[in-house]
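Participant: Structure: model_3.tsv, TSV, C-alpha atoms and all ligand atoms.
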chain	number	residue	atom	x	y	z
A	1	MET	CA	0.00	0.00	0.00
A	2	ARG	CA	1.28	3.42	-0.87
A	3	ILE	CA	-0.02	6.95	-1.10
A	4	ARG	CA	0.18	7.82	-4.79
A	5	SER	CA	-0.81	11.46	-4.61
A	6	VAL	CA	-2.24	14.06	-2.27
A	7	THR	CA	-4.23	17.12	-3.29
A	8	VAL	CA	-4.44	19.95	-0.77
A	9	GLY	CA	-7.71	21.88	-1.00
A	10	PRO	CA	-8.83	24.90	1.02
A	11	ASP	CA	-10.28	22.87	3.89
A	12	ALA	CA	-9.50	19.23	3.10
A	13	ILE	CA	-6.81	17.04	1.62
A	14	GLU	CA	-7.56	14.15	-0.72
A	15	ALA	CA	-5.17	11.26	-1.06
A	16	HIS	CA	-5.16	8.53	-3.68
A	17	VAL	CA	-4.11	5.34	-1.92
A	18	VAL	CA	-3.01	2.33	-3.93
A	19	PHE	CA	-3.16	-1.30	-2.83
A	20	THR	CA	-1.18	-3.57	-5.09
A	21	ALA	CA	-2.77	-6.69	-6.55
A	22	GLY	CA	-2.97	-9.46	-3.98
A	23	GLN	CA	-2.79	-7.18	-0.95
A	24	PRO	CA	-5.71	-7.38	1.48
A	25	LEU	CA	-8.24	-4.61	1.03
A	26	ARG	CA	-10.26	-5.28	4.18
A	27	THR	CA	-9.45	-5.44	7.89
A	28	SER	CA	-11.14	-8.87	8.10
A	29	GLU	CA	-8.35	-10.26	5.89
A	30	VAL	CA	-5.62	-9.15	8.33
A	31	PRO	CA	-5.33	-11.30	11.48
A	32	GLY	CA	-5.69	-9.28	14.67
A	33	ALA	CA	-6.01	-5.99	12.78
A	34	SER	CA	-8.60	-4.45	15.07
A	35	GLU	CA	-6.76	-5.24	18.34
A	36	ARG	CA	-3.45	-4.08	16.91
A	37	VAL	CA	-4.91	-0.80	15.74
A	38	LEU	CA	-6.82	-0.13	18.96
A	39	SER	CA	-3.68	-0.80	21.00
A	40	LEU	CA	-1.96	2.06	19.14
A	41	LEU	CA	-4.98	4.34	18.78
A	42	PRO	CA	-7.47	3.63	21.58
A	43	GLY	CA	-9.33	6.84	20.72
A	44	LEU	CA	-10.72	5.11	17.62
A	45	ARG	CA	-13.29	3.49	19.91
A	46	GLY	CA	-15.05	6.83	20.16
A	47	HIS	CA	-15.19	7.50	16.40
A	48	ARG	CA	-18.46	7.64	14.55
A	49	CYS	CA	-18.97	7.03	10.87
A	50	HIS	CA	-20.94	9.48	8.80
A	51	ASN	CA	-22.08	6.84	6.36
A	52	GLY	CA	-25.77	6.97	7.16
A	53	ARG	CA	-25.78	3.57	8.85
A	54	GLY	CA	-25.36	5.03	12.33
A	55	ALA	CA	-22.58	2.62	13.20
A	56	THR	CA	-19.62	3.49	15.36
A	57	PHE	CA	-16.28	2.95	13.76
A	58	ALA	CA	-15.54	0.32	16.44
A	59	ASP	CA	-18.48	-1.71	15.05
A	60	GLU	CA	-17.06	-1.45	11.55
A	61	LEU	CA	-13.43	-2.05	12.45
A	62	GLU	CA	-13.63	-5.86	12.32
A	63	ASP	CA	-14.58	-5.76	8.65
A	64	THR	CA	-14.06	-2.59	6.71
A	65	GLU	CA	-11.80	-1.31	3.95
A	66	LEU	CA	-8.20	-0.77	5.05
A	67	ALA	CA	-8.47	2.60	3.29
A	68	HIS	CA	-11.39	3.47	5.60
A	69	LEU	CA	-9.19	2.46	8.54
A	70	LEU	CA	-6.45	4.72	7.13
A	71	GLU	CA	-8.95	7.59	7.09
A	72	HIS	CA	-9.99	7.13	10.73
A	73	ALA	CA	-6.41	6.51	11.87
A	74	ALA	CA	-5.30	9.77	10.23
A	75	LEU	CA	-8.18	11.70	11.86
A	76	GLU	CA	-7.31	10.17	15.24
A	77	ILE	CA	-3.60	11.02	14.88
A	78	MET	CA	-4.66	14.57	13.99
A	79	ALA	CA	-6.86	14.69	17.11
A	80	VAL	CA	-4.00	13.42	19.30
A	81	SER	CA	-1.89	16.16	17.70
A	82	GLY	CA	-4.34	18.86	18.73
A	83	SER	CA	-6.80	19.07	15.81
A	84	PRO	CA	-10.54	19.22	16.60
A	85	ASP	CA	-12.19	15.81	16.79
A	86	THR	CA	-15.13	17.20	14.82
A	87	LEU	CA	-13.16	17.08	11.56
A	88	ARG	CA	-14.59	14.55	9.14
A	89	GLY	CA	-13.20	12.17	6.58
A	90	ARG	CA	-14.57	10.20	3.69
A	91	THR	CA	-13.32	7.14	1.86
A	92	SER	CA	-14.60	6.31	-1.59
A	93	TRP	CA	-13.47	4.46	-4.65
A	94	ASP	CA	-14.14	4.14	-8.32
A	95	PHE	CA	-11.84	1.37	-9.53
A	96	ARG	CA	-13.00	1.88	-13.12
A	97	ALA	CA	-12.00	5.54	-13.14
A	98	ASP	CA	-8.90	5.40	-10.91
A	99	GLY	CA	-7.60	1.85	-11.36
A	100	GLU	CA	-8.01	-1.39	-9.45
A	101	GLY	CA	-7.22	-1.07	-5.74
A	102	VAL	CA	-7.15	2.75	-5.73
A	103	PHE	CA	-9.07	4.51	-2.94
A	104	ARG	CA	-9.75	8.20	-2.39
A	105	VAL	CA	-9.37	9.31	1.20
A	106	ARG	CA	-10.54	12.82	2.02
A	107	LEU	CA	-9.67	14.47	5.33
A	108	GLU	CA	-10.90	17.83	6.54
A	109	TYR	CA	-8.16	19.73	8.31
A	110	ASP	CA	-7.54	22.68	10.59
A	111	ASP	CA	-3.81	22.66	9.75
A	112	ASP	CA	-2.72	21.20	6.42
A	113	LEU	CA	0.77	20.20	7.57
A	114	VAL	CA	-0.67	18.29	10.52
A	115	ALA	CA	-3.13	16.51	8.20
A	116	LEU	CA	-0.36	15.59	5.72
A	117	GLY	CA	1.85	14.34	8.54
A	118	ALA	CA	-0.99	12.35	10.12
A	119	LEU	CA	-1.78	10.77	6.75
A	120	ASP	CA	1.84	9.69	6.48
A	121	VAL	CA	1.83	8.13	9.97
A	122	ALA	CA	-1.51	6.40	9.23
A	123	GLY	CA	0.05	5.01	6.06
A	124	ALA	CA	2.91	3.56	8.11
A	125	LEU	CA	0.34	2.02	10.44
A	126	VAL	CA	-1.50	0.30	7.58
A	127	ARG	CA	1.80	-0.95	6.11
A	128	TRP	CA	2.64	-2.37	9.56
A	129	LEU	CA	-0.72	-4.18	9.61
A	130	LEU	CA	0.14	-5.60	6.20
A	131	GLY	CA	3.43	-6.92	7.53
A	132	GLY	CA	5.83	-4.18	6.48
A	133	GLY	CA	8.03	-2.36	8.96
A	134	GLN	CA	7.57	-1.20	12.52
A	135	ALA	CA	4.47	0.10	14.25
A	136	PRO	CA	4.61	3.89	14.30
A	137	ASP	CA	5.34	5.54	17.65
A	138	VAL	CA	2.11	7.52	17.78
A	139	ALA	CA	3.00	9.61	20.84
A	140	ALA	CA	6.34	10.65	19.35
A	141	GLU	CA	4.78	11.40	15.95
A	142	ALA	CA	1.98	13.43	17.56
A	143	GLY	CA	4.57	15.46	19.43
A	144	ARG	CA	6.40	16.13	16.17
A	145	LEU	CA	3.14	17.12	14.42
A	146	ARG	CA	2.23	19.52	17.21
A	147	GLY	CA	5.52	21.24	16.49
A	148	LEU	CA	4.56	21.69	12.82
A	149	ARG	CA	1.28	23.33	13.70
A	150	THR	CA	1.03	26.82	12.24
A	151	SER	CA	-2.43	27.57	13.60
A	152	GLY	CA	-3.83	27.56	17.12
A	201	ZN	ZN	-15.96	6.04	8.79
Let's see the structure in the file written out as structure tokens.
Ligand SMILES: [Zn+2]
Facilitator:
Amino acid sequence: MRIRSVTVGPDAIEAHVVFTAGQPLRTSEVPGASERVLSLLPGLRGHRCHNGRGATFADELEDTELAHLLEHAALEIMAVSGSPDTLRGRTSWDFRADGEGVFRVRLEYDDDLVALGALDVAGALVRWLLGGGQAPDVAAEAGRLRGLRTSG
């Protein structure tokens, strides 16, 4: 999984996230994904999804798109780094338009650098779930992101 591109808009960033053929696309395909993620980001338990189904993200976490997990992880890392927890995200895909395994992850932001940094850390987290590299040190990364903050 890699982040192919990021577009910075006036109040949100949109990333195109690519999963290569054969990589899991859902949390249910990754053993222990939900426990591993919650151990790093316990605040995810309090997330709600704005998908019209009224589910909490914790309900969805056992079986949802890894790109959707990336979205919530980035929002949570932003929150831990001082961004408002009212910021919203959205994950969508159109494999026919964008290519197989390409997801669009949109994140509202209060500080664009914090959002870009949080997206990067969330990407490392998803790669760790997929078996690549170390788990990110969320507390250390959040401290670094706070230092980048140009607003508030
Ligand atoms: Zn959601």
Participant: Measure the distance from CA of Arg106 in chain A to CA of Ala15 in chain A in Å and round it to one decimal.
Facilitator: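 CA of Ala15 in chain A lies at a distance of 6.4 Å from CA of Arg106 in chain A.
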Participant: Please find the residues contacting ligand ZN 201 (chain A) at a distance of at most 9 Å between atoms, with all atoms listed in the file counted, and report them as a ChimeraX atom specification.
Facilitator: /A:47-51,55-57,60,68-69,71-72,88-91
Participant: With only C-alpha atoms as the basis for distance, which of A:Leu87, A:Met1, A:Ala97, A:Ile77 is at the shortest distance from Gly132 in chain A?
Facilitator: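 Once distances to Gly132 in chain A are computed over only C-alpha atoms, the minimum belongs to A:Met1.
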Participant: What's the 7 Å shell around range 114-117 of chain A, counting all atoms listed in the file, without same-chain residues fewer than 4 positions away, as a PyMOL selection string?
Facilitator: chain A and resi 78+109+121+145+148-149
Participant: For Leu41 in chain A, which residue among A:Gly22, A:Gly133, A:Glu65, A:Leu70 is the nearest when counting only C-alpha atoms?
Facilitator: A:Leu70
Participant: Report, in Å to a single decimal, how far apart CA of Ala58 in chain A and CA of Gly9 in chain A are.
Facilitator: 28.8 Å
Participant: How close does each residue of range 22-108 of chain A get to range 125-129 of chain A, giving the shortest atom pair and distance in Å to one decimal for every residue with an atom at most 12 Å away, counting all atoms listed in the file, sorted by chain and residue number, as CSV?
Facilitator:
residue,atom,partner,partner_atom,distance
A:Gln23,CA,A:Arg127,CA,10.5
A:Pro24,CA,A:Leu129,CA,10.1
A:Leu25,CA,A:Val126,CA,10.6
A:Arg26,CA,A:Val126,CA,10.9
A:Thr27,CA,A:Leu129,CA,9.0
A:Ser28,CA,A:Leu129,CA,11.5
A:Glu29,CA,A:Leu129,CA,10.4
A:Val30,CA,A:Leu129,CA,7.1
A:Pro31,CA,A:Leu129,CA,8.7
A:Gly32,CA,A:Leu129,CA,8.7
A:Ala33,CA,A:Leu129,CA,6.4
A:Ser34,CA,A:Leu129,CA,9.6
A:Glu35,CA,A:Leu129,CA,10.7
A:Arg36,CA,A:Leu129,CA,7.8
A:Val37,CA,A:Leu125,CA,8.0
A:Leu38,CA,A:Leu125,CA,11.3
A:Ser39,CA,A:Leu125,CA,11.6
A:Leu40,CA,A:Leu125,CA,9.0
A:Leu41,CA,A:Leu125,CA,10.2
A:Glu65,CA,A:Val126,CA,11.0
A:Leu66,CA,A:Val126,CA,7.2
A:Ala67,CA,A:Val126,CA,8.5
A:His68,CA,A:Val126,CA,10.6
A:Leu69,CA,A:Val126,CA,8.0
A:Leu70,CA,A:Val126,CA,6.7
A:Glu71,CA,A:Val126,CA,10.4
A:His72,CA,A:Val126,CA,11.3
A:Ala73,CA,A:Leu125,CA,8.2
A:Ala74,CA,A:Leu125,CA,9.6
A:Ile77,CA,A:Leu125,CA,10.8
Participant: Mind giving me the straight-line distance from CA of Gln134 in chain A to CA of Thr86 in chain A in Å, one decimal?
Facilitator: 29.3 Å
Participant: Extract, using all atoms listed in the file, all DNA, RNA and protein residues at most 10 Å from Thr150 in chain A, discarding same-chain residues fewer than 5 positions from it, and format them as a PDB file with C-alpha atoms, keeping the file's coordinate frame.
Facilitator:
ATOM      1  CA  ASP A 110      -7.540  22.680  10.590  1.00  0.00           C
ATOM      2  CA  ASP A 111      -3.810  22.660   9.750  1.00  0.00           C
ATOM      3  CA  ASP A 112      -2.720  21.200   6.420  1.00  0.00           C
ATOM      4  CA  LEU A 113       0.770  20.200   7.570  1.00  0.00           C
ATOM      5  CA  VAL A 114      -0.670  18.290  10.520  1.00  0.00           C
TER       6      VAL A 114
END
Participant: Taking into account only C-alpha atoms, which residue in the set A:Ser92, A:Asp120, A:Pro10, A:Thr20 is nearest to Pro136 in chain A?
Facilitator: A:Asp120
Participant: My list of candidates is A:Glu76, A:Glu141, A:Trp93, A:Asp63. Which is closest to Val105 in chain A when distances are computed with all atoms listed in the file?
Facilitator: A:Trp93
Participant: Step by step, gather every atom of range 78-85 of chain A that the file lists, find the box along x, y and z that holds them, add 6 Å on each side, and finally give centre and edge lengths in Å to one decimal, as JSON.
Facilitator:
{"center_x": -7.0, "center_y": 16.3, "center_z": 16.6, "size_x": 22.3, "size_y": 17.8, "size_z": 17.3}
Participant: Counting only C-alpha atoms, which residue out of A:Val102, A:Leu107, A:Phe95, A:Leu61 sits closest to Val8 in chain A?
Facilitator: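 Of all the options, A:Leu107 lies closest to Val8 in chain A.
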